[in-house]
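Novice: Take a look at run26.txt, compact mmCIF, C-alpha atoms:
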# COMPACT_ATOMS: atom_id res chain seq x y z
CA ALA A 1 -50.63 -171.14 -11.45
CA ALA A 2 -53.90 -169.23 -11.18
CA GLY A 3 -55.43 -171.95 -9.03
CA GLY A 4 -52.61 -171.60 -6.52
CA PHE A 5 -53.80 -168.13 -5.55
CA ASP A 6 -57.44 -168.99 -4.89
CA ASP A 7 -56.88 -169.20 -1.14
CA LEU A 8 -55.57 -165.61 -1.11
CA LYS A 9 -58.48 -163.98 -2.94
CA GLY A 10 -60.76 -161.56 -1.15
CA LYS A 11 -58.97 -161.65 2.19
CA VAL A 12 -56.03 -160.31 4.18
CA THR A 13 -53.08 -162.68 4.66
CA LYS A 14 -50.04 -162.12 6.90
CA MET A 15 -46.78 -162.60 5.00
CA SER A 16 -43.04 -161.92 5.29
CA THR A 17 -40.33 -161.36 2.71
CA ALA A 18 -37.10 -163.38 2.73
CA ASP A 19 -35.42 -160.23 4.12
CA GLY A 20 -37.80 -160.10 7.07
CA LEU A 21 -40.28 -157.40 6.07
CA ASP A 22 -43.66 -158.37 7.54
CA TYR A 23 -46.72 -157.28 5.60
CA LEU A 24 -50.43 -157.81 5.15
CA PHE A 25 -51.45 -158.83 1.65
CA PHE A 26 -54.83 -158.56 -0.05
CA LEU A 27 -55.57 -160.13 -3.43
CA PRO A 28 -58.79 -158.96 -5.12
CA LYS A 29 -61.63 -161.46 -5.21
CA ASN A 30 -61.90 -161.02 -8.98
CA TRP A 31 -58.17 -161.54 -9.49
CA THR A 32 -57.30 -163.26 -12.74
CA PRO A 33 -53.98 -163.88 -14.50
CA GLU A 34 -55.58 -162.68 -17.75
CA LYS A 35 -55.40 -158.99 -16.91
CA LYS A 36 -53.16 -156.52 -15.11
CA HIS A 37 -54.39 -155.33 -11.72
CA PRO A 38 -53.81 -151.97 -10.01
CA VAL A 39 -51.67 -152.04 -6.86
CA LEU A 40 -51.96 -150.14 -3.57
CA VAL A 41 -49.22 -149.67 -0.96
CA PHE A 42 -50.62 -148.62 2.42
CA LEU A 43 -48.45 -147.13 5.22
CA HIS A 44 -49.87 -147.34 8.76
CA GLY A 45 -49.43 -144.85 11.61
CA ARG A 46 -47.00 -144.79 14.54
CA GLY A 47 -49.20 -146.70 17.01
CA GLU A 48 -49.37 -149.66 14.63
CA SER A 49 -45.58 -150.16 14.43
CA GLY A 50 -44.07 -153.53 15.27
CA GLY A 51 -47.06 -155.81 14.70
CA PHE A 52 -50.49 -156.19 13.14
CA ASP A 53 -52.82 -156.04 16.15
CA VAL A 54 -53.64 -152.34 16.02
CA THR A 55 -53.32 -152.18 12.21
CA LEU A 56 -56.12 -154.70 11.74
CA ARG A 57 -58.49 -152.88 14.10
CA GLN A 58 -58.98 -149.76 11.99
CA SER A 59 -58.95 -148.05 8.62
CA LEU A 60 -58.39 -149.86 5.33
CA PRO A 61 -56.89 -153.04 6.86
CA LEU A 62 -60.00 -153.47 9.01
CA GLN A 63 -62.26 -153.00 5.96
CA LEU A 64 -60.34 -155.53 3.88
CA ASN A 65 -60.17 -157.98 6.77
CA THR A 66 -63.81 -157.90 7.93
CA ASN A 67 -66.12 -156.01 5.55
CA ALA A 68 -67.64 -158.43 3.03
CA THR A 69 -68.61 -155.63 0.64
CA ALA A 70 -65.05 -154.32 0.55
CA GLN A 71 -63.64 -157.85 0.20
CA ASP A 72 -65.89 -158.52 -2.79
CA ALA A 73 -65.31 -155.27 -4.65
CA PHE A 74 -61.87 -153.87 -3.79
CA PRO A 75 -59.89 -153.96 -7.05
CA PHE A 76 -56.34 -153.34 -5.78
CA ILE A 77 -53.64 -155.87 -5.04
CA THR A 78 -52.85 -154.36 -1.65
CA ILE A 79 -49.54 -154.41 0.22
CA MET A 80 -49.60 -153.18 3.83
CA PRO A 81 -46.05 -153.36 5.21
CA SER A 82 -45.41 -153.35 8.95
CA CYS A 83 -42.87 -150.79 10.06
CA PRO A 84 -40.80 -152.35 12.87
CA TRP A 85 -40.89 -150.97 16.41
CA SER A 86 -37.79 -148.90 15.59
CA CYS A 87 -40.08 -146.78 13.37
CA ALA A 88 -42.17 -145.81 16.38
CA MET A 89 -38.99 -144.92 18.28
CA ALA A 90 -37.68 -142.79 15.40
CA ASN A 91 -41.22 -141.58 14.64
CA GLU A 92 -40.68 -142.19 10.93
CA TRP A 93 -40.92 -144.79 8.20
CA GLN A 94 -37.22 -145.48 7.87
CA ASP A 95 -35.38 -145.69 4.55
CA ALA A 96 -34.55 -149.39 4.90
CA THR A 97 -38.21 -150.33 5.35
CA LEU A 98 -39.30 -148.11 2.45
CA GLN A 99 -36.64 -149.54 0.14
CA ALA A 100 -37.64 -153.07 1.15
CA THR A 101 -41.23 -152.09 0.33
CA THR A 102 -40.21 -151.07 -3.21
CA GLU A 103 -38.56 -154.48 -3.70
CA LEU A 104 -41.74 -156.10 -2.43
CA VAL A 105 -43.84 -154.07 -4.89
CA ASN A 106 -41.66 -155.34 -7.74
CA ASP A 107 -41.97 -158.95 -6.56
CA VAL A 108 -45.74 -158.67 -6.13
CA VAL A 109 -46.28 -157.01 -9.52
CA SER A 110 -44.38 -159.75 -11.32
CA LYS A 111 -45.89 -162.63 -9.35
CA TYR A 112 -49.52 -161.50 -9.34
CA ASN A 113 -49.70 -159.66 -12.68
CA GLY A 114 -49.87 -156.20 -11.16
CA ASP A 115 -49.85 -153.09 -13.31
CA TYR A 116 -46.58 -151.13 -13.02
CA THR A 117 -48.31 -148.03 -14.41
CA ARG A 118 -50.93 -148.04 -11.63
CA VAL A 119 -49.33 -148.26 -8.19
CA THR A 120 -50.87 -145.94 -5.60
CA LEU A 121 -49.11 -145.00 -2.37
CA ALA A 122 -51.39 -144.17 0.58
CA GLY A 123 -50.54 -143.42 4.20
CA GLN A 124 -52.17 -142.15 7.37
CA SER A 125 -50.75 -140.14 10.28
CA MET A 126 -47.05 -141.10 10.63
CA GLY A 127 -47.67 -143.14 7.48
CA GLY A 128 -49.00 -139.98 5.84
CA ASN A 129 -45.67 -138.35 6.57
CA GLY A 130 -43.99 -141.52 5.31
CA ALA A 131 -46.05 -141.36 2.12
CA TRP A 132 -45.09 -137.72 1.41
CA GLU A 133 -41.40 -138.56 1.83
CA TYR A 134 -41.41 -142.02 0.21
CA ALA A 135 -43.12 -140.65 -2.91
CA ALA A 136 -40.56 -137.84 -3.05
CA MET A 137 -37.56 -140.17 -2.68
CA GLN A 138 -38.68 -143.20 -4.69
CA LYS A 139 -38.81 -142.24 -8.36
CA GLY A 140 -40.53 -144.22 -11.08
CA VAL A 141 -42.91 -146.26 -8.93
CA PHE A 142 -46.05 -144.38 -7.87
CA SER A 143 -48.89 -143.26 -10.14
CA SER A 144 -50.70 -141.40 -7.35
CA LEU A 145 -50.31 -140.39 -3.73
CA VAL A 146 -52.97 -140.33 -0.99
CA VAL A 147 -52.15 -138.67 2.34
CA VAL A 148 -54.63 -138.91 5.22
CA CYS A 149 -54.14 -136.88 8.45
CA GLY A 150 -50.45 -136.68 7.60
CA TYR A 151 -47.76 -134.02 7.98
CA THR A 152 -44.44 -132.91 6.52
CA ARG A 153 -41.19 -132.18 8.38
CA ASN A 154 -39.94 -128.65 7.87
CA MET A 155 -36.89 -129.25 10.03
CA LEU A 156 -35.65 -131.57 7.25
CA TYR A 157 -36.85 -129.85 4.07
CA SER A 158 -38.95 -126.93 2.92
CA THR A 159 -42.43 -127.43 1.53
CA SER A 160 -41.21 -126.12 -1.81
CA GLN A 161 -38.38 -128.68 -1.90
CA LEU A 162 -40.92 -131.42 -1.28
CA GLY A 163 -43.26 -129.95 -3.89
CA LYS A 164 -40.50 -129.97 -6.50
CA GLN A 165 -40.04 -133.70 -6.01
CA LEU A 166 -43.79 -134.35 -6.27
CA LYS A 167 -44.90 -131.92 -9.00
CA ASP A 168 -45.67 -134.67 -11.54
CA ILE A 169 -47.61 -137.00 -9.27
CA PRO A 170 -51.40 -136.72 -8.74
CA ILE A 171 -52.12 -136.22 -5.04
CA TRP A 172 -55.26 -136.38 -2.90
CA VAL A 173 -54.96 -135.15 0.70
CA PHE A 174 -57.52 -135.72 3.48
CA HIS A 175 -57.70 -134.22 6.98
CA ALA A 176 -60.39 -133.47 9.55
CA HIS A 177 -60.72 -129.90 10.77
CA ASN A 178 -61.08 -131.09 14.39
CA ASP A 179 -58.00 -133.39 14.47
CA VAL A 180 -56.51 -133.10 17.98
CA VAL A 181 -53.43 -135.23 17.16
CA ILE A 182 -52.17 -133.61 13.95
CA PRO A 183 -53.58 -130.13 13.34
CA VAL A 184 -55.40 -129.66 10.05
CA ASP A 185 -52.88 -126.99 9.08
CA ALA A 186 -50.28 -129.77 8.63
CA SER A 187 -52.18 -130.71 5.46
CA SER A 188 -53.91 -127.49 4.38
CA SER A 189 -50.70 -125.43 4.41
CA VAL A 190 -48.91 -127.96 2.19
CA VAL A 191 -51.82 -128.09 -0.24
CA ARG A 192 -51.89 -124.29 -0.38
CA ALA A 193 -48.17 -124.10 -1.14
CA PHE A 194 -48.35 -126.83 -3.80
CA LYS A 195 -51.29 -125.09 -5.49
CA GLU A 196 -49.27 -121.88 -5.75
CA ASP A 197 -46.34 -123.70 -7.36
CA GLN A 198 -46.36 -122.78 -11.05
CA SER A 199 -44.18 -125.76 -11.98
CA ARG A 200 -46.74 -128.26 -10.68
CA THR A 201 -48.24 -130.26 -13.57
CA ALA A 202 -50.30 -132.96 -11.82
CA GLU A 203 -53.72 -132.83 -10.18
CA LEU A 204 -53.98 -131.94 -6.51
CA ARG A 205 -57.16 -132.63 -4.52
CA TYR A 206 -57.91 -131.72 -0.93
CA THR A 207 -60.79 -132.95 1.23
CA GLU A 208 -61.20 -131.33 4.63
CA TYR A 209 -63.89 -132.92 6.79
CA PRO A 210 -65.55 -130.34 9.09
CA VAL A 211 -65.74 -133.03 11.78
CA GLY A 212 -63.90 -136.33 11.78
CA PRO A 213 -64.32 -139.23 14.22
CA GLY A 214 -61.73 -140.53 16.62
CA PRO A 215 -60.15 -143.91 15.88
CA PRO A 216 -62.67 -146.76 16.22
CA MET A 217 -60.91 -148.52 19.12
CA PRO A 218 -62.29 -147.52 22.55
CA GLU A 219 -58.83 -146.88 24.02
CA PHE A 220 -58.02 -144.35 21.27
CA ARG A 221 -61.43 -142.76 20.88
CA HIS A 222 -60.39 -139.63 22.77
CA LEU A 223 -58.10 -138.73 19.83
CA GLU A 224 -60.94 -136.74 18.33
CA GLY A 225 -60.87 -135.98 14.62
CA HIS A 226 -57.83 -138.15 13.96
CA GLY A 227 -59.88 -140.99 12.49
CA SER A 228 -60.39 -139.21 9.15
CA TYR A 229 -59.03 -142.41 7.58
CA GLU A 230 -62.29 -144.10 8.60
CA LEU A 231 -64.03 -141.73 6.18
CA ALA A 232 -61.40 -141.49 3.43
CA PHE A 233 -60.89 -145.23 3.01
CA ARG A 234 -64.62 -145.82 2.69
CA ASP A 235 -64.90 -143.31 -0.15
CA GLY A 236 -65.66 -145.04 -3.45
CA GLN A 237 -64.72 -141.87 -5.34
CA LEU A 238 -61.19 -142.07 -3.93
CA PHE A 239 -60.76 -145.64 -5.17
CA LYS A 240 -62.11 -144.78 -8.63
CA TRP A 241 -59.70 -141.85 -8.81
CA MET A 242 -56.75 -144.01 -7.71
CA GLU A 243 -57.56 -146.59 -10.34
CA ALA A 244 -57.73 -143.94 -13.07
CA GLN A 245 -54.26 -142.44 -12.42
CA LYS A 246 -51.49 -143.78 -14.67
CA CYS A 247 -47.73 -143.34 -14.67
CA SER A 248 -46.68 -144.13 -18.22
CA GLU A 249 -42.95 -143.90 -17.36
CA CYS A 250 -43.31 -146.46 -14.54
CA SER A 251 -42.28 -149.77 -16.07
CA GLY A 252 -40.55 -151.68 -13.29
CA PRO A 253 -37.06 -151.79 -11.74
CA SER A 254 -35.33 -150.28 -14.79
CA SER A 255 -37.38 -147.07 -14.46
CA GLN A 256 -36.85 -146.77 -10.69
CA SER A 257 -34.32 -144.69 -8.79
CA TRP A 258 -33.88 -143.43 -5.22
CA ASP A 259 -33.21 -139.82 -4.30
CA GLY A 260 -32.88 -139.35 -0.54
CA THR A 261 -32.08 -135.63 -0.71
CA ILE A 262 -35.03 -134.47 1.38
CA ARG A 263 -33.87 -136.56 4.35
CA ASP A 264 -30.16 -135.74 3.98
CA MET A 265 -29.80 -133.18 6.71
Any chance you could put this one into structure tokens?
Specialist:
Amino acid sequence: AAGGFDDLKGKVTKMSTADGLDYLFFLPKNWTPEKKHPVLVFLHGRGESGGFDVTLRQSLPLQLNTNATAQDAFPFITIMPSCPWSCAMANEWQDATLQATTELVNDVVSKYNGDYTRVTLAGQSMGGNGAWEYAAMQKGVFSSLVVVCGYTRNMLYSTSQLGKQLKDIPIWVFHAHNDVVIPVDASSSVVRAFKEDQSRTAELRYTEYPVGPGPPMPEFRHLEGHGSYELAFRDGQLFKWMEAQKCSECSGPSSQSWDGTIRDM
């Protein structure tokens, strides 16, 4: 079977599930059936909804699609689902897409010898919001959470409610101080509140760039500071940290459950 995956190694491939979830898939160049591989789920931002054109022009997907160094060395089996256009309309990663993503994670882990104890969830911008909420609702899947230029939604839940759901998961948050799209306070205030929470057991890291770039595409370059993902997803320390986080209780479908409380307004 190993030979059958050679054409997937070290590159990004467009795929779809039987249920119609489109996604980009990256299999590490050094993939082997002999060992378990860490997994990464990456949630894109609002402007990338409904297709792959914008997704592939920036951030981690761009790196994995065009940067030979990244393609050679990136150790994660990477799943980058596409949120349909309805996500952009609703301005959220909707439950159905997130639940379909969990099913996809389970399929990928079993097919490609992924490691259930090392599945990182990362998201940027609207996907950063999606990552906060997905990690809070989907129990028993994620070993760590990475949120880049994201935000939470206080009209749906309080920061302390969110923190309660995430107290056992290691989190690393990134934001640029000069972000003109999502103010830096959308991250720093959440980090502050989580740090004050006495019940929190897991590590919490926060990186605030004094100045971040705009997105790399000319037509979005005026969105100054919002391209902090161009810095975060080139940071080798982040990837080492992700790989080191383990969720010993995460063992596959039998350990998983869904708790949608934070979105049940």
Novice: Excluding range 100-111 of chain A and any residue of its chain fewer than 5 positions from it, enumerate the residues within 9 Å of it, using all atoms listed in the file, and give them as an MDAnalysis selection string.
Specialist: chainID A and resid 17 19 21 36:37 39 41 77 79 81 95 116 119 138 141 252:253
Novice: Tell me which of A:Leu8, A:Val190, A:Val148, A:Cys83 sits closest to Val173 in chain A, counting only C-alpha atoms.
Specialist: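 Among the listed residues, A:Val148 lies closest to Val173 in chain A.
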Novice: Pick out the residues sitting within 12 Å of Glu243 in chain A, and hand them over as a VMD selection string; count only C-alpha atoms, and ignore anything fewer than 5 positions along from it in its own chain.
Specialist: chain A and resid 36 to 40 74 to 77 115 117 to 121 142 to 145 170 236 to 238
Novice: For Met137 in chain A, which residue among A:Asn67, A:Thr207, A:Gln94, A:Thr32 is the nearest when counting all atoms listed in the file?
Specialist: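 Closest candidate: A:Gln94.
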Novice: Determine, counting all atoms listed in the file, every residue of protein, DNA or RNA that lies within 8 Å of (-61.8, -137.3, 20.2) in the file coordinates, then give the result as a list in words.
Specialist: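 These residues have at least one counted atom within 8 Å: Asp179, Val180, Pro213, Gly214, Arg221, His222, Leu223, Glu224, Gly225 and His226 of chain A.
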Novice: Find the residue from A:Arg263, A:Gly163, A:Glu219, A:Met80 that sits nearest to Lys195 in chain A; use only C-alpha atoms when measuring.
Specialist: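 Smallest distance to Lys195 in chain A is found for A:Gly163.
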